[in-house]
Every structure is written in structure tokens, then in C-alpha cells.
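The structure under discussion appears below in the form of C-alpha cells.
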Amino acid sequence: MVPTKLRVAVIGAGAAGLCAARHILASSETFAPPVVFESSDRLGGTWIYTEEKEDATGRIIHSSMYRDLRTNLPKESMAFPDFPFDPSLPSFLHHSDVLAYLDSYAEQSGVCDHIRFQWQVEEVRPIQRDSGSLDAWEITATVQHPESTQQVTEHFDAIMVCTGHYTVPFIPPIPGLDTFQGRLLHSHSYRYPEPFANQSVVLVGAGPSGVDLALQLSNVAAQVVLSHKRQHVCGLPKDVIQVPPLLKVEQKTVVFTDGSKMPADVLILCTGYKYSFPFLDLAQLGLQETDYGVGPLYQHLLPPQHPSLFLIGLCQQICPFPHFYCQVLFALAVLSGRCALPSVTDMEAEVQRQLGLHLKNGGLARYFLKMREQQWSYMEDLAHLAGFPPVPPTVQQIYEDTHASRLCNVSTYRSRNYRLLGPSAWELVQDGVRIA
Ligand SMILES: Cc1cc2nc3c(=O)[nH]c(=O)nc-3n(C[C@H](O)[C@H](O)[C@H](O)COP(=O)(O)OP(=O)(O)OC[C@H]3O[C@@H](n4cnc5c(N)ncnc54)[C@H](O)[C@@H]3O)c2cc1C
Ligand SMILES: *[C@@H]1O[C@H](CO)[C@@H](O)[C@H](O)[C@H]1NC(C)=O
Ligand SMILES: *[C@@H]1O[C@H](CO)[C@@H](O)[C@H](O)[C@H]1NC(C)=O
């Protein structure tokens, strides 16, 4: 009997989904062409900027992109290892350059014809097969036609979930938040600074969004206050005041944990996002919601009880595109049988062991998926297990240079420009001339 090719469904046509589709298509000896389900009418996910905050049907807009965003990673660390950015671009890009990059990545991979736009996946269910073979899957999706919608159910051998996790705002429990009489929003809904002209703005949280919004608003707003629990952020404009975390809100006044208070016209919660998989029945997959998101996931990637479903890109504080690339190649090696997984119990025990190690090293459970320095050995392990070449050392070297220069001065690190000289050689340049 001729073995039939594996049919893989990819959910989402953002960077992760495009990467999955590209490599499925490139392994045509094992895989049928991918079927990519994309609920919107365009590829790019996070990198699609729109002024709207909800669509015509009142659904939340997927992307949290704002008009003036420049990347917080240089293109040399951002790129997929097999697809460099245009060398004539500066290292830190406007978001529109990243979308153009993803467009040409998709086009040159030949995946565009395999994307079904305006197909929203509603449900993914495992179908048990004979013992010894991996589960099959049933997907139910809603197809949006101009005049009508229709539900369709189809079968696949494997699923790559590539739906991102920067859409659903996480709102921390802040006493009195519902009494706030000014304008309240989450950074998900921030688009540009003009509406905040001459307003007194309090930003909650000093992650990438909080710091970036402080930079964007400082020229425009009457006052910008950054309330956070981290170390002092270096290099913010002098008119940005840093204060301790928020204790409570009383009508127009915000109160901080040191007892100080101030009036605010606007409160912007830069408090991060929640994982959301409305189309998965987690319990059915042997998963549950955890302090850190969902688990247990072997290699932060697959449910041990259903190892033909992969959740790409859940980790945080990573180089997203290289990380997706490694996860996708590992997943395809598993599906094609080139990389054997441990038993279900061993995979579950391994996740417990890693979580235990993380806690023992002083990590909080909720930060289990924040990788930062662990991302390098993680990608190396996947490359080793699946037998593909590891990502070039410059990805890490330039990431770390950027990290250090951002710690020194958040206002200036984006003016650095890197030039690649080889897989482990690079230099800093200014106006095309080497400076370090
Ligand atoms: C404000 C902001 C700034 C960032 N800056 C950087 C940066 O400078 N550098 C960097 O490398 N990374 C950055 N990131 C991280 C960024 O999220 C990743 O680079 C990457 O774009 C994530 O890709 P993804 O494919 O995982 O998810 P997304 O890009 O979110 O794509 C998910 C796709 O899935 C679709 N989808 C969702 N649900 C369904 C469904 N049920 N059915 C069908 N389709 C569905 C969505 O419509 C979307 O197209 C930033 C993120 C944010 C939010
Ligand atoms: C903000 O205040 C300045 C100075 O008072 C004024 O010139 C400007 O017009 C104001 N802008 C808006 C949008 O109200
Ligand atoms: C950050 O850089 C800006 C612009 O060069 C400079 O004015 C500021 O003093 C720097 N801040 C720190 C903390 O180095």
C-alpha cells in the first residue's frame, strides 16, 4: 500500500503559521500541501496595523499594533534563519517593513494559495485511532461569505495552532478600577498619541508596551506617569515620572503603594495578555489552565497525550521568528517519524521536572514560559533532537547586545545598526561605516 501523505491543518496565517506552512510545503514527500485557516482577510497577524479597535461584527481586532511602533528587536535577530530581511533596511524597523517581509516570505514560499482567508476555526477535536497510531483531528470552521456564513467540518492528521497570544487583554484586579472617571484603556487599544494631547496619563506596567507608550506619549501628553514594580527604567525622557505600583483607584485619583496619589485623565493598562484557545477543549487534550498559561506541554509545544497537535509560539521573551522556525521543524520531524518522542508518562514527568527546576531556581510559576537566556539552549535542543542545523550564533549575540543597550537607555537603543559578516560575525555600523 502506498502510504498516504499527512494532512496538516495550520490555524493562523501570522508569522508562525506562515513558517509552518512553508516547511510543510517543502516536505512534500511526507506531507500533503497544508491547509491554513485564517479568520481575517490578510496574512501577517500581529503585524497588520489598523486604526479600528473592533471589526464590523463587533469582534475584537486581533492585532495590538500601534501606528508608530518600531521593532524592539533588530532585524538581524528577528529574521527567520532561512529568510533574511532586506540588507538595505535599518536594524530596527517600522511595523510596515515587517509586514512587507512576511508578505514576501509567504509569496516566495508558495504558501499563499494554501491560505483560506475568512475561515475562523471554531472547534478542534481529536479522533482516536487504533492504538499505536497518532490521533486524527476534526476541525469545524465558519466560513464568512459576503452574504452568509457557513460551517464546514474536515479531517486532518495533525494540527499546528498558530493563533498568537497578544490579543486578549489581561486586566489585573485593581481595587476601585470600576470607579475611575477618566478614560480607561488597555494597551491593546492604543493606536497613536494625538488623542492624549495635554492629558495627564498614567501607564500601568513597564513591560515593552508600557515603556514604549511612555516614549510615545511624553512629547504630547501634559504628564506621563509610569507605575511599575520593576527596576528603574533608564533613559526615559525627563518628563516621564516613575512611581511604584498601583494600589487603588478612587474616581479621578490613582493611589500608589507608597501612599502617594495623583489625579489622572487617562489610565492605560500595559498589563499584558491572556492565552486564549476558544476552539480547544483543554481537558479533552489532557491539558489545563495553569499559573503560566496551559500545561503540561512537552517542550512547551505539545500535549503529551495528543502528540499530533502543536501549539507554536507560546513562549515569551524570545526571538519569535527563529523560535517558531525551530518549533516547526521539530514538529515536522516528530510527525514524519524522524524524531521519536518519549512515552506519555515520561513527557509529563519531564514537564514536571522542568517546572520544579524553574521554581527551585527562584522563578515564579507564572513566569515558566518567559525564556530569555533559556531560549538558546531550547532552540539548540530542538535542532539536535530533530536533526536540523542550529540557528546562527549572531541571533543570540546581537539579541544580547540589544538587550544590554536597551537596559542602558530605552530612548536610544533603536538607533544602533548591525551588519552581519557571517554566521557568527557582525559589527556595528553608522551610515554604512563600521563603528565597533
Ligand atoms: C505590540 C507588539 C509588538 C511586537 N514587537 C515585536 C518585535 O519587535 N519583534 C518581534 O520579533 N516580535 C514582536 N512581537 C511579537 C509578535 O507577536 C511575533 O513577532 C509574531 O508576530 C507572532 O506571530 P504568531 O503567528 O504567533 O501570532 P499572530 O501574529 O498573532 O498571528 C495569529 C493569526 O491567527 C489568526 N487566528 C486567530 N484565531 C484564529 C481562529 N480561531 N481561526 C483562524 N485564524 C485565527 C489571527 O487572525 C492571526 O492572523 C510584538 C508583539 C506585539 C503585540
Ligand atoms: C495643548 O496645550 C498647548 C499649550 O497650552 C496648546 O497650544 C495646544 O493647542 C493644546 N493642544 C490640544 C490638542 O488641546
Ligand atoms: C539616553 O539618551 C538620551 C539621548 O541621547 C540622553 O539625552 C540621555 O541622557 C540618556 N540617558 C541615560 C540614562 O543615559
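If you're wondering about the labels, chains in the C-alpha cells are A, B, ... by order shown, residues count from 1 in each chain, ligands from 1 in order shown.
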
Closest atom pairs, chain A residues within 9 Å of ligand 2, only C-alpha atoms and all ligand atoms, as a Markdown table:
| residue | atom | partner | partner_atom_place_in_ligand_line | distance |
| --- | --- | --- | --- | --- |
| A:Glu194 | CA | ligand 2 | 13 (C) | 7.3 |
| A:Pro195 | CA | ligand 2 | 13 (C) | 7.6 |
| A:Phe196 | CA | ligand 2 | 13 (C) | 7.9 |
| A:Ala197 | CA | ligand 2 | 13 (C) | 5.0 |
| A:Asn198 | CA | ligand 2 | 1 (C) | 4.9 |
| A:Gln199 | CA | ligand 2 | 1 (C) | 8.5 |
| A:Val220 | CA | ligand 2 | 1 (C) | 8.2 |
| A:Ala221 | CA | ligand 2 | 1 (C) | 8.2 |
| A:Ala222 | CA | ligand 2 | 1 (C) | 7.7 |

Per-residue nearest contacts of chain A to ligand 1 (6 Å; only C-alpha atoms and all ligand atoms) as a tab-separated table:
residue	atom	partner	partner_atom_place_in_ligand_line	distance
A:Ile11	CA	ligand 1	43 (C)	5.2
A:Gly12	CA	ligand 1	34 (O)	3.2
A:Ala13	CA	ligand 1	49 (O)	4.8
A:Gly14	CA	ligand 1	25 (O)	3.5
A:Ala15	CA	ligand 1	25 (O)	4.0
A:Ala16	CA	ligand 1	25 (O)	3.7
A:Gly17	CA	ligand 1	25 (O)	5.4
A:Phe37	CA	ligand 1	43 (C)	4.9
A:Glu38	CA	ligand 1	44 (N)	3.7
A:Ser39	CA	ligand 1	44 (N)	4.0
A:Ser40	CA	ligand 1	47 (O)	5.0
A:Leu43	CA	ligand 1	49 (O)	5.9
A:Gly44	CA	ligand 1	49 (O)	5.7
A:Gly45	CA	ligand 1	49 (O)	3.3
A:Thr46	CA	ligand 1	29 (O)	3.8
A:His62	CA	ligand 1	47 (O)	5.8
A:Ser64	CA	ligand 1	53 (C)	5.0
A:Met65	CA	ligand 1	1 (C)	4.8
A:Thr71	CA	ligand 1	8 (O)	3.1
A:Asn72	CA	ligand 1	8 (O)	4.0
A:Leu73	CA	ligand 1	8 (O)	4.9
A:Met78	CA	ligand 1	11 (O)	4.9
A:Trp119	CA	ligand 1	43 (C)	5.9
A:Gln120	CA	ligand 1	42 (N)	3.7
A:Val121	CA	ligand 1	42 (N)	3.9
A:Glu122	CA	ligand 1	41 (N)	5.9
A:Cys162	CA	ligand 1	25 (O)	5.3
A:Thr163	CA	ligand 1	34 (O)	3.6
A:Gly164	CA	ligand 1	27 (O)	3.3
A:Tyr166	CA	ligand 1	53 (C)	4.9
A:Gly313	CA	ligand 1	26 (O)	5.2
A:Cys319	CA	ligand 1	11 (O)	5.5
A:Pro320	CA	ligand 1	11 (O)	4.9

Can I get the residues of stretch 326-370 of chain A within 12 Å of stretch 382-402 of chain A, each with the closest pair of atoms and their distance in Å to one decimal, using only C-alpha atoms, sorted chain first then ascending number, as a tab-separated table?
residue	atom	partner	partner_atom	distance
A:Cys326	CA	A:Leu382	CA	6.3
A:Gln327	CA	A:Leu382	CA	7.1
A:Val328	CA	A:Leu382	CA	9.7
A:Leu329	CA	A:Ala386	CA	7.1
A:Phe330	CA	A:Ala386	CA	5.2
A:Ala331	CA	A:Ala386	CA	8.4
A:Leu332	CA	A:Ala386	CA	8.5
A:Ala333	CA	A:Ala386	CA	5.6
A:Val334	CA	A:Ala386	CA	7.6
A:Leu335	CA	A:Ala386	CA	10.8
A:Ser336	CA	A:Ala386	CA	10.5
A:Gly337	CA	A:Ala386	CA	10.0
A:Arg338	CA	A:Ala386	CA	7.1
A:Cys339	CA	A:Ala386	CA	5.6
A:Ala340	CA	A:Leu385	CA	8.8
A:Leu341	CA	A:Leu385	CA	9.6
A:Pro342	CA	A:Leu385	CA	11.7

Original post:
Could you work out how far atom CA of A:Gln216 lies from atom CA of A:Leu407, giving the answer in Å with one decimal?
Top reply: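 Spanning atom CA of A:Leu407 to atom CA of A:Gln216 is a straight-line distance of 18.1 Å.
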
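Neighbours of ligand 3 at a cut-off of 6 Å, computed so that only C-alpha atoms and all ligand atoms are counted, are the residues A:Cys234, A:Gly235, A:Asn409, A:Ser411, A:Thr412.
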
Just to be explicit: take each residue in the selection above, keep all heavy atoms, and write the result as a PDB file, in the first residue's frame.
ATOM      1  N   CYS A 234      15.955  53.070  32.644  1.00  0.00           N
ATOM      2  CA  CYS A 234      16.955  54.093  32.328  1.00  0.00           C
ATOM      3  C   CYS A 234      16.737  54.676  30.942  1.00  0.00           C
ATOM      4  O   CYS A 234      16.516  53.939  29.982  1.00  0.00           O
ATOM      5  CB  CYS A 234      18.364  53.491  32.376  1.00  0.00           C
ATOM      6  SG  CYS A 234      18.839  53.039  34.024  1.00  0.00           S
ATOM      7  N   GLY A 235      16.835  55.996  30.857  1.00  0.00           N
ATOM      8  CA  GLY A 235      16.821  56.657  29.569  1.00  0.00           C
ATOM      9  C   GLY A 235      15.459  57.185  29.141  1.00  0.00           C
ATOM     10  O   GLY A 235      15.330  57.685  28.023  1.00  0.00           O
ATOM     11  N   ASN A 409      19.726  52.501  28.029  1.00  0.00           N
ATOM     12  CA  ASN A 409      18.972  53.672  27.598  1.00  0.00           C
ATOM     13  C   ASN A 409      17.853  53.266  26.641  1.00  0.00           C
ATOM     14  O   ASN A 409      18.096  53.011  25.458  1.00  0.00           O
ATOM     15  CB  ASN A 409      19.922  54.683  26.926  1.00  0.00           C
ATOM     16  CG  ASN A 409      19.286  56.047  26.795  1.00  0.00           C
ATOM     17  OD1 ASN A 409      18.073  56.153  26.605  1.00  0.00           O
ATOM     18  ND2 ASN A 409      20.100  57.089  26.897  1.00  0.00           N
ATOM     19  N   SER A 411      15.709  55.059  25.309  1.00  0.00           N
ATOM     20  CA  SER A 411      15.415  56.049  24.265  1.00  0.00           C
ATOM     21  C   SER A 411      16.314  55.898  23.047  1.00  0.00           C
ATOM     22  O   SER A 411      15.956  56.344  21.969  1.00  0.00           O
ATOM     23  CB  SER A 411      15.609  57.472  24.800  1.00  0.00           C
ATOM     24  OG  SER A 411      14.629  57.768  25.750  1.00  0.00           O
ATOM     25  N   THR A 412      17.482  55.315  23.225  1.00  0.00           N
ATOM     26  CA  THR A 412      18.478  55.377  22.143  1.00  0.00           C
ATOM     27  C   THR A 412      18.831  54.032  21.507  1.00  0.00           C
ATOM     28  O   THR A 412      19.448  54.007  20.450  1.00  0.00           O
ATOM     29  CB  THR A 412      19.790  55.997  22.674  1.00  0.00           C
ATOM     30  OG1 THR A 412      20.173  55.264  23.840  1.00  0.00           O
ATOM     31  CG2 THR A 412      19.586  57.453  23.033  1.00  0.00           C
TER      32      THR A 412
END

Original post:
Near A:Gln223, counting only C-alpha atoms, which residues have an atom at most 12 Å away, once you skip same-chain residues fewer than 2 positions from it, shown as JSON, numbers by chain?
Top reply: {"A": [196, 197, 198, 199, 200, 201, 202, 203, 214, 215, 217, 218, 219, 220, 221, 225, 226, 237, 238, 239, 240, 241, 242, 262, 263, 264, 265, 266, 267]}

Original post:
Which of these residues is nearest to A:Thr142, using only C-alpha atoms: A:Phe279, A:Asp97, A:Ser424, A:Gln108?
Top reply: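 Of all the options, A:Phe279 lies closest to A:Thr142.
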
Would you tabulate, counting only C-alpha atoms, all residues of stretch 243-311 of chain A that have an atom at most 9 Å from an atom of stretch 168-192 of chain A, showing the closest pair of atoms and their distance in Å to one decimal, sorted by chain then ascending number, as JSON lines?
{"residue": "A:Leu246", "atom": "CA", "partner": "A:Ile174", "partner_atom": "CA", "distance": 7.5}
{"residue": "A:Leu247", "atom": "CA", "partner": "A:Ile174", "partner_atom": "CA", "distance": 7.0}
{"residue": "A:Lys248", "atom": "CA", "partner": "A:Pro175", "partner_atom": "CA", "distance": 4.9}
{"residue": "A:Val249", "atom": "CA", "partner": "A:Gly176", "partner_atom": "CA", "distance": 4.7}
{"residue": "A:Glu250", "atom": "CA", "partner": "A:Gly176", "partner_atom": "CA", "distance": 5.9}
{"residue": "A:Gln251", "atom": "CA", "partner": "A:Phe180", "partner_atom": "CA", "distance": 4.3}
{"residue": "A:Lys252", "atom": "CA", "partner": "A:Gln181", "partner_atom": "CA", "distance": 5.3}
{"residue": "A:Thr253", "atom": "CA", "partner": "A:Phe180", "partner_atom": "CA", "distance": 7.8}
{"residue": "A:Val254", "atom": "CA", "partner": "A:Phe180", "partner_atom": "CA", "distance": 8.6}
{"residue": "A:Ala264", "atom": "CA", "partner": "A:Gly182", "partner_atom": "CA", "distance": 6.8}
{"residue": "A:Asp265", "atom": "CA", "partner": "A:Gly182", "partner_atom": "CA", "distance": 4.8}
{"residue": "A:Val266", "atom": "CA", "partner": "A:Arg183", "partner_atom": "CA", "distance": 4.6}
{"residue": "A:Leu267", "atom": "CA", "partner": "A:Leu184", "partner_atom": "CA", "distance": 4.9}
{"residue": "A:Ile268", "atom": "CA", "partner": "A:Leu185", "partner_atom": "CA", "distance": 5.0}
{"residue": "A:Leu269", "atom": "CA", "partner": "A:His186", "partner_atom": "CA", "distance": 4.5}
{"residue": "A:Cys270", "atom": "CA", "partner": "A:Ser187", "partner_atom": "CA", "distance": 5.1}
{"residue": "A:Thr271", "atom": "CA", "partner": "A:Phe170", "partner_atom": "CA", "distance": 6.1}
{"residue": "A:Gly272", "atom": "CA", "partner": "A:Phe170", "partner_atom": "CA", "distance": 5.5}
{"residue": "A:Tyr273", "atom": "CA", "partner": "A:Pro169", "partner_atom": "CA", "distance": 4.5}
{"residue": "A:Lys274", "atom": "CA", "partner": "A:Phe170", "partner_atom": "CA", "distance": 5.4}
{"residue": "A:Tyr275", "atom": "CA", "partner": "A:Val168", "partner_atom": "CA", "distance": 7.3}
{"residue": "A:Ser276", "atom": "CA", "partner": "A:Val168", "partner_atom": "CA", "distance": 7.2}

**OP:** Run DSSP on the backbone of this structure and report the residues of stretch 116-356 of chain A it assigns to helix (DSSP H, G or I), as a count of residues only.
**Re:** 51
